[in-house]
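Peer 1: Quick one: structure below, then a few questions.
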Amino acid sequence: MDIQGRKLIKIATAGSVDDGKSTLIGRLLYDTHSLTTDKIEAIEKNSKQRGYDYLDFSLATDGLVAEREQGITIDVAHIYFNTSKTNFIVADTPGHVEYTRNMVTGASTSQVAIILIDARKGVIEQTYRHFFISNLLRMSHVVVAVNKMDLVDYSEEVFSKIKADFDELVVKSDFGEDQITFIPVSALKGENVTRESEHMPWYVGNTLLDHLEVLEPNDLQESSVARFPVQYVVRPKTEAYHDFRGFSGKLYGNSLKVGDKVALLPSGNESTIKGIHFFDQELEEAAPGSSITITLEDEVDCSRGDMIVKVGEEPKSDKSLTATLCQVNSKALKVGQKYILQHGVNRVLAKVDRIEEKIHADFSGTEQTEQLKLNDIGRVQFRLSKPIHVDSYKSNKSNGSFILIDEGSFDTISVGFID
Amino acid sequence: MMNAEFRISKKAEIVNQKLYILMSNLFIPNPKEAESIHILREVAAQFERPVLLFSGGKDSITLVRLAQKAFFPAKIPFPLLHVDTGHNFPETIEFRDKLVEELGLELIVRNVQDAIDQGKVREERGRYASRNSLQTTTLLDAIEEFKFDACIGGARRDEEKARAKERVFSVRDDFGQWDEKNQRPELFDMLNGKIHLGQNVRVFPISNWTELDVWEYIRTENIEIPSIYFAHKRDVFFRDGLIWTANEHVFREEHEEVVEKWVRFRTVGDMTCTAAVLSEALSLDDVVAEIRESTISERGARIDDKRSEAAMETRKKVGYF
């Protein structure tokens with residue numbers, strides 16, 4: 001919740017070129033009065049210059065000069081709007097060649113995925129991929145927006161066919177039926193986006209915005225066990241706080257409270273939480289997502305990269321690791337190569353032992369390979385220079401994911417999801 | 001019908017949750033604030049010589065509060081850098097000095113005037129003359145002088161289209177350039193600040209905040225801000241539908257008549273590129289109410305962005321904030 005008590009919902013959007021994704025987002029912004037007069041004027045001016053007889057809302061989101069020239073979106077853009085009840089952050093991810101990298105990036109910070117389908121084209125290969133990534137990243141909820149209904153005479157039959165085709169994919173995924181919602185829309189005409197459509201009386205569900213507002217972020221958060229990776233050690237060394245030694249970090253998975261018996265990893269030392277500090281407040285208990293500072297009863301050794309967990313809830317600790325990897329850089333991942341592995345705020349060296357298989361991101365199976373190229377997804381075994389303390393991605397997203405950093409360029413080249 | 005019932009049961013759930021929170025003293029974070037604090041701690045941990053770029057505007061003032069929260073009870077572990085164009089509002093400079101004094105912060109000031117005197121940059125002339133883009137040279141010089149490896153800025157993605165694609169950790173080369181096509185993807189909460197010698201990173205901890213978020217935060221936290229954010233009487237003149245400050249730093253043609261109006265500023269930058277808005281907002285409550293109803297975006301009052309549709313992107317590529 002934000003300071004005004006509004007909930008925060010984070011959404012990733014995915015669609016192919018010309019599915020009207022930017023138009024849909026522009027429409028959401030326009031209808032929620034999130035576009036300001038000067039932005040609407042700029043859109044009107046631009047639309048006119050290009051000779052359109054409608055307002056091209058996609059111009060509201062396509063940010064870079066190169067994109068405006070080519071009329072496509074080439075990078076993840078973040079868009080913000082709110083209603084009286086909800087704050088929304090939209091990660092708008094482009095739908096062409098680099099879709100995998102961009103969608104994985106956008107989805108990693110989102111709870112809900114909106115997958116766009118052009119009603120005229122139906123479920124296509126790209127749809128498979130978007131849904132595959134939603135499944136890989138374990139999105140809490142997927143909305144399938146069937147767009148351009150105005151171009152198929154608002155046909156219920158077309159919508160039902162697409163739904164049936166999509167349901168075949170759902171069966172192959174880890175999603176339950178209640179996690180997927182289908183909505184027929186026309187982004188251009190603003191039907192079933194924020195206003196109900198007169199032309200689709202056969203559709204009895206919510207409009208897209210109403211549906212997104214009903215979602216509760218608490219329901220979208222996976223509850224798990226508490227993980228507190230130590231980011232920074234606070235030692236004021238001032239008169240008032242002479243002996244203060246606090247461990248700062250962001251709490252994940254579950255809450256921690258004063259008096260909890262905790263273990264410090266990797267040392268395995270145990271202690272008790274003495275205080276939980278948030279600025280000048282002393283807290284009794286902090287919920288996951290809090291950026292706090294913890295003090296302990298005992299003088300124990302603890303530094304950046306260590307992890308504080310409750311006794312009895314220790315994660316597994318291992319020098320070898322198997323994970324599903326997505327390659328997000330044009331430099332390929334190869335067997336035998338060494339990389340810097342960043343797990344939360346902790347870094348170790350990792351060597352690729354074996355690429356078990358490359359996974360086709362369209363549910364069509366796997367193949368053998370010696371390297372993973374940009375946008376490839378594969379299962380990879382690593383050996384590490386030091387053990388790290390991990391959960392499976394399934395049970396704890398933050399403690400079950402990592403990135404690989406290239407030792408030469410220092411670029412982030414892959415993201416991993418731990419088994 | 002089903003939906004209505006679903007909503008009612010949801011409502012009951014929320015009420016229950018709130019009761020539980022009240023009874024258990026469970027602290028529920030503001031997710032945007034928690035994220036910003038996380039980012040600031042990553043900066044302190046991952047970099048040798050970070051600096052906070054301080055303009056005296058509401059966004060950098062918000063950053064100072066977030067940094068206080070991130071490192072409390074210790075002091076903020078990095079200095080502030082102010083690139084002074086010499087055309088700042090005097091109220092901003094007064095405020096800056098007071099804040100630094102009160103919080104015991106280290107302040108570094110570097111002046112655009114010096115770069116002009118040294119002949120490194122040439123002052124713009126004429127109708128739209130501004131020192132805003134000249135700041136880039138002074139900033140890059142300061143980065144080199146102090147060997148700063150991370151510059152924390154208050155830019156937000158909702159400000160402008162090109163900013164919407166900016167990363168939280170944005171890597172710049174030796175020339176301060178932004179390569180928009182070769183940005184590091186940022187996944188989950190993980191921030192990769194590994195850089196080569198000579199490179200530096202621009203860090204934007206409040207990337208995900210909107211203008212309204214910032215104002216509501218300032219109000220809730222009761223943060224002091226420069227007086228020019230509130231309505232006051234000022235000599236101004238009208239040009240291109242914008243309200244300009246009338247004084248010796250701002251070029252004005254003879255026929256452009258000076259009038260006194262009740263105005264306030266929504267952003268606080270160089271006088272030559274910051275337009276005022278008509279306003280009667282005297283308190284933070286008034287300002288928040290005004291922003292909520294406002295139909296002109298914040299940068300709509302930034303003259304520097306009006307130059308062309310790609311103005312911001314072009315400036316960013318050569319090392320602007």
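Chain labels A, B, ... are given in the sequence in which chains occur in the structure tokens; within each chain residues are numbered consecutively from 1, and ligands are likewise numbered from 1 in the order shown.
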Residues of chain B within 6 Å of chain A, using only C-alpha atoms, as a PyMOL selection string?

Peer 2: chain B and resi 26-30+34+69+72+74+161-162+164-165+184+187-188+190+194+295-297

Peer 1: Export, as a compact mmCIF listing (two decimals), in the first residue's frame, the selected residues with N, CA and C atoms.

Peer 2:
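Contents of selection.txt, as written:
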```
# COMPACT_ATOMS: atom_id res chain seq x y z
N LEU B 26 2.16 -4.90 13.03
CA LEU B 26 2.94 -5.27 11.86
C LEU B 26 3.17 -4.05 10.99
N PHE B 27 4.43 -3.76 10.69
CA PHE B 27 4.76 -2.62 9.85
C PHE B 27 4.60 -3.01 8.38
N ILE B 28 3.72 -2.28 7.67
CA ILE B 28 3.51 -2.52 6.25
C ILE B 28 4.24 -1.43 5.47
N PRO B 29 5.19 -1.80 4.62
CA PRO B 29 5.97 -0.76 3.95
C PRO B 29 5.22 -0.10 2.79
N ASN B 30 5.62 1.12 2.47
CA ASN B 30 5.24 1.76 1.23
C ASN B 30 6.21 1.21 0.17
N ALA B 34 10.34 1.69 -0.01
CA ALA B 34 11.23 0.57 0.32
C ALA B 34 12.18 0.28 -0.84
N LYS B 69 16.83 7.97 5.64
CA LYS B 69 16.16 6.76 6.12
C LYS B 69 17.00 5.52 5.86
N PHE B 72 20.14 5.66 8.53
CA PHE B 72 19.90 6.01 9.92
C PHE B 72 20.27 4.83 10.83
N ALA B 74 23.21 6.26 11.14
CA ALA B 74 24.47 6.83 10.63
C ALA B 74 24.13 8.00 9.69
N LYS B 161 9.06 10.86 -22.04
CA LYS B 161 9.06 9.57 -22.73
C LYS B 161 10.43 8.90 -22.77
N ALA B 162 11.49 9.69 -23.00
CA ALA B 162 12.83 9.08 -23.07
C ALA B 162 13.26 8.56 -21.70
N ALA B 164 11.29 7.23 -19.60
CA ALA B 164 10.50 6.03 -19.30
C ALA B 164 11.31 4.77 -19.55
N LYS B 165 12.36 4.88 -20.36
CA LYS B 165 13.17 3.70 -20.70
C LYS B 165 14.50 3.70 -19.96
N ARG B 184 21.69 -2.35 -19.76
CA ARG B 184 21.62 -3.62 -19.03
C ARG B 184 20.19 -3.86 -18.57
N LEU B 187 16.64 -7.03 -13.59
CA LEU B 187 15.73 -8.12 -13.26
C LEU B 187 15.50 -8.19 -11.75
N PHE B 188 14.26 -8.36 -11.39
CA PHE B 188 13.87 -8.41 -9.97
C PHE B 188 14.48 -7.20 -9.26
N MET B 190 17.68 -7.04 -8.46
CA MET B 190 19.13 -7.15 -8.55
C MET B 190 19.71 -6.02 -9.39
N LYS B 194 28.62 -3.18 -11.68
CA LYS B 194 30.03 -3.45 -12.06
C LYS B 194 30.39 -2.57 -13.26
N THR B 295 -3.99 19.45 -15.45
CA THR B 295 -4.05 18.76 -16.73
C THR B 295 -2.84 19.07 -17.59
N ILE B 296 -1.86 19.75 -17.02
CA ILE B 296 -0.63 19.97 -17.78
C ILE B 296 0.49 19.21 -17.09
N SER B 297 1.25 18.44 -17.83
CA SER B 297 2.27 17.64 -17.17
C SER B 297 3.39 18.54 -16.71
```

Peer 1: Within region 250-282 of chain B, find each residue whose DSSP state, derived from the backbone, is strand (DSSP E), and express the selection as a list of chain:residue names.

Peer 2: B:Val259, B:Glu260, B:Lys261, B:Trp262, B:Val263, B:Arg264, B:Phe265, B:Ala276, B:Val277, B:Leu278

Peer 1: Would you mind exporting the chosen residues as a PDB file, in the first residue's frame, restricted to N, CA, C and O atoms?

Peer 2:
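What landed in part-v2.pdb:
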```
ATOM      1  N   VAL B 259       4.225  41.712 -16.007  1.00  0.00           N
ATOM      2  CA  VAL B 259       3.060  41.887 -15.133  1.00  0.00           C
ATOM      3  C   VAL B 259       3.308  41.155 -13.818  1.00  0.00           C
ATOM      4  O   VAL B 259       4.111  40.229 -13.760  1.00  0.00           O
ATOM      5  N   GLU B 260       2.603  41.556 -12.768  1.00  0.00           N
ATOM      6  CA  GLU B 260       2.735  40.856 -11.499  1.00  0.00           C
ATOM      7  C   GLU B 260       1.595  39.853 -11.374  1.00  0.00           C
ATOM      8  O   GLU B 260       0.441  40.184 -11.595  1.00  0.00           O
ATOM      9  N   LYS B 261       1.955  38.595 -11.051  1.00  0.00           N
ATOM     10  CA  LYS B 261       0.929  37.542 -10.951  1.00  0.00           C
ATOM     11  C   LYS B 261       1.201  36.659  -9.730  1.00  0.00           C
ATOM     12  O   LYS B 261       2.333  36.570  -9.258  1.00  0.00           O
ATOM     13  N   TRP B 262       0.132  35.985  -9.277  1.00  0.00           N
ATOM     14  CA  TRP B 262       0.304  34.942  -8.263  1.00  0.00           C
ATOM     15  C   TRP B 262       0.717  33.662  -8.985  1.00  0.00           C
ATOM     16  O   TRP B 262      -0.042  33.121  -9.778  1.00  0.00           O
ATOM     17  N   VAL B 263       1.923  33.201  -8.717  1.00  0.00           N
ATOM     18  CA  VAL B 263       2.412  32.008  -9.418  1.00  0.00           C
ATOM     19  C   VAL B 263       3.143  31.087  -8.437  1.00  0.00           C
ATOM     20  O   VAL B 263       3.470  31.475  -7.319  1.00  0.00           O
ATOM     21  N   ARG B 264       3.396  29.867  -8.904  1.00  0.00           N
ATOM     22  CA  ARG B 264       4.327  28.995  -8.199  1.00  0.00           C
ATOM     23  C   ARG B 264       5.068  28.163  -9.245  1.00  0.00           C
ATOM     24  O   ARG B 264       4.716  28.183 -10.432  1.00  0.00           O
ATOM     25  N   PHE B 265       6.101  27.438  -8.822  1.00  0.00           N
ATOM     26  CA  PHE B 265       6.857  26.602  -9.753  1.00  0.00           C
ATOM     27  C   PHE B 265       6.588  25.136  -9.462  1.00  0.00           C
ATOM     28  O   PHE B 265       6.470  24.736  -8.314  1.00  0.00           O
ATOM     29  N   ALA B 276       6.710  29.263 -14.744  1.00  0.00           N
ATOM     30  CA  ALA B 276       5.817  29.237 -13.582  1.00  0.00           C
ATOM     31  C   ALA B 276       4.413  28.845 -14.023  1.00  0.00           C
ATOM     32  O   ALA B 276       4.111  28.800 -15.218  1.00  0.00           O
ATOM     33  N   VAL B 277       3.578  28.492 -13.063  1.00  0.00           N
ATOM     34  CA  VAL B 277       2.156  28.291 -13.354  1.00  0.00           C
ATOM     35  C   VAL B 277       1.368  29.225 -12.448  1.00  0.00           C
ATOM     36  O   VAL B 277       1.782  29.506 -11.321  1.00  0.00           O
ATOM     37  N   LEU B 278       0.223  29.695 -12.953  1.00  0.00           N
ATOM     38  CA  LEU B 278      -0.647  30.514 -12.118  1.00  0.00           C
ATOM     39  C   LEU B 278      -1.156  29.628 -10.994  1.00  0.00           C
ATOM     40  O   LEU B 278      -1.560  28.492 -11.229  1.00  0.00           O
TER      41      LEU B 278
END
```

Peer 1: Compile the contact shell of Asn396 (chain A) as a list in words: residues with an atom at most 9 Å away, counting only C-alpha atoms, same-chain residues fewer than 3 positions apart removed.

Peer 2: Glu222, Ser223, Ser224, Val225, Arg227, Tyr252, Gly253, Val390, Asp391, Ser392, Tyr393, Asn399, Gly400 and Ser401 of chain A

Peer 1: Hey, can you spit out that residue selection with C-alpha atoms as a PDB file, in the first residue's frame?

Peer 2:
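Result file is selection.pdb:
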```
ATOM      1  CA  GLU A 222       3.601 -15.717  -2.744  1.00  0.00           C
ATOM      2  CA  SER A 223       3.892 -16.263   0.961  1.00  0.00           C
ATOM      3  CA  SER A 224       6.961 -18.154   1.928  1.00  0.00           C
ATOM      4  CA  VAL A 225       9.589 -18.173   4.689  1.00  0.00           C
ATOM      5  CA  ARG A 227      14.738 -14.215   3.898  1.00  0.00           C
ATOM      6  CA  TYR A 252      11.423 -11.091   1.482  1.00  0.00           C
ATOM      7  CA  GLY A 253       9.002 -13.982   1.831  1.00  0.00           C
ATOM      8  CA  VAL A 390      19.019 -20.563  -2.184  1.00  0.00           C
ATOM      9  CA  ASP A 391      15.388 -21.572  -2.415  1.00  0.00           C
ATOM     10  CA  SER A 392      13.670 -22.813  -5.514  1.00  0.00           C
ATOM     11  CA  TYR A 393      12.183 -20.027  -7.629  1.00  0.00           C
ATOM     12  CA  ASN A 399      15.882 -16.074  -3.221  1.00  0.00           C
ATOM     13  CA  GLY A 400      15.387 -18.389  -6.169  1.00  0.00           C
ATOM     14  CA  SER A 401      16.684 -16.129  -8.924  1.00  0.00           C
TER      15      SER A 401
END
```

Peer 1: Please indicate the distance in Å from CA of Asn88 (chain B) to CA of Gln113 (chain B), rounded to one decimal place.

Peer 2: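 We find that CA of Asn88 (chain B) and CA of Gln113 (chain B) lie 12.2 Å from each other.
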
Peer 1: Would you mind listing what lies within 7 Å of Asp270 (chain B) as a PDB file with N, CA, C and O atoms, in the first residue's frame, with only C-alpha atoms counted and same-chain residues fewer than 2 positions away left out?

Peer 2:
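What landed in selection.pdb:
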```
ATOM      1  N   THR B  85      24.173  26.935 -12.021  1.00  0.00           N
ATOM      2  CA  THR B  85      24.221  27.651 -13.299  1.00  0.00           C
ATOM      3  C   THR B  85      24.470  29.137 -13.077  1.00  0.00           C
ATOM      4  O   THR B  85      24.746  29.865 -14.028  1.00  0.00           O
ATOM      5  N   HIS B  87      22.184  30.993 -12.373  1.00  0.00           N
ATOM      6  CA  HIS B  87      20.859  31.556 -12.643  1.00  0.00           C
ATOM      7  C   HIS B  87      19.799  30.847 -11.825  1.00  0.00           C
ATOM      8  O   HIS B  87      18.667  30.697 -12.243  1.00  0.00           O
ATOM      9  N   ASN B  88      20.206  30.342 -10.678  1.00  0.00           N
ATOM     10  CA  ASN B  88      19.232  29.670  -9.828  1.00  0.00           C
ATOM     11  C   ASN B  88      18.393  30.687  -9.079  1.00  0.00           C
ATOM     12  O   ASN B  88      18.819  31.824  -8.869  1.00  0.00           O
ATOM     13  N   ASN B 132      20.963  25.813 -19.070  1.00  0.00           N
ATOM     14  CA  ASN B 132      20.607  24.472 -18.626  1.00  0.00           C
ATOM     15  C   ASN B 132      21.484  23.400 -19.259  1.00  0.00           C
ATOM     16  O   ASN B 132      22.032  22.540 -18.574  1.00  0.00           O
ATOM     17  N   VAL B 268      11.985  23.046 -10.160  1.00  0.00           N
ATOM     18  CA  VAL B 268      12.890  24.124  -9.826  1.00  0.00           C
ATOM     19  C   VAL B 268      14.208  23.867 -10.522  1.00  0.00           C
ATOM     20  O   VAL B 268      15.001  23.040 -10.116  1.00  0.00           O
ATOM     21  N   THR B 272      16.154  30.317 -16.458  1.00  0.00           N
ATOM     22  CA  THR B 272      15.959  30.542 -17.881  1.00  0.00           C
ATOM     23  C   THR B 272      15.153  29.436 -18.545  1.00  0.00           C
ATOM     24  O   THR B 272      14.799  29.556 -19.710  1.00  0.00           O
ATOM     25  N   CYS B 273      14.930  28.333 -17.831  1.00  0.00           N
ATOM     26  CA  CYS B 273      14.199  27.251 -18.490  1.00  0.00           C
ATOM     27  C   CYS B 273      13.081  26.705 -17.622  1.00  0.00           C
ATOM     28  O   CYS B 273      12.534  25.658 -17.879  1.00  0.00           O
ATOM     29  N   THR B 274      12.744  27.407 -16.544  1.00  0.00           N
ATOM     30  CA  THR B 274      11.684  26.931 -15.669  1.00  0.00           C
ATOM     31  C   THR B 274      10.526  27.914 -15.706  1.00  0.00           C
ATOM     32  O   THR B 274      10.680  29.054 -15.278  1.00  0.00           O
TER      33      THR B 274
END
```
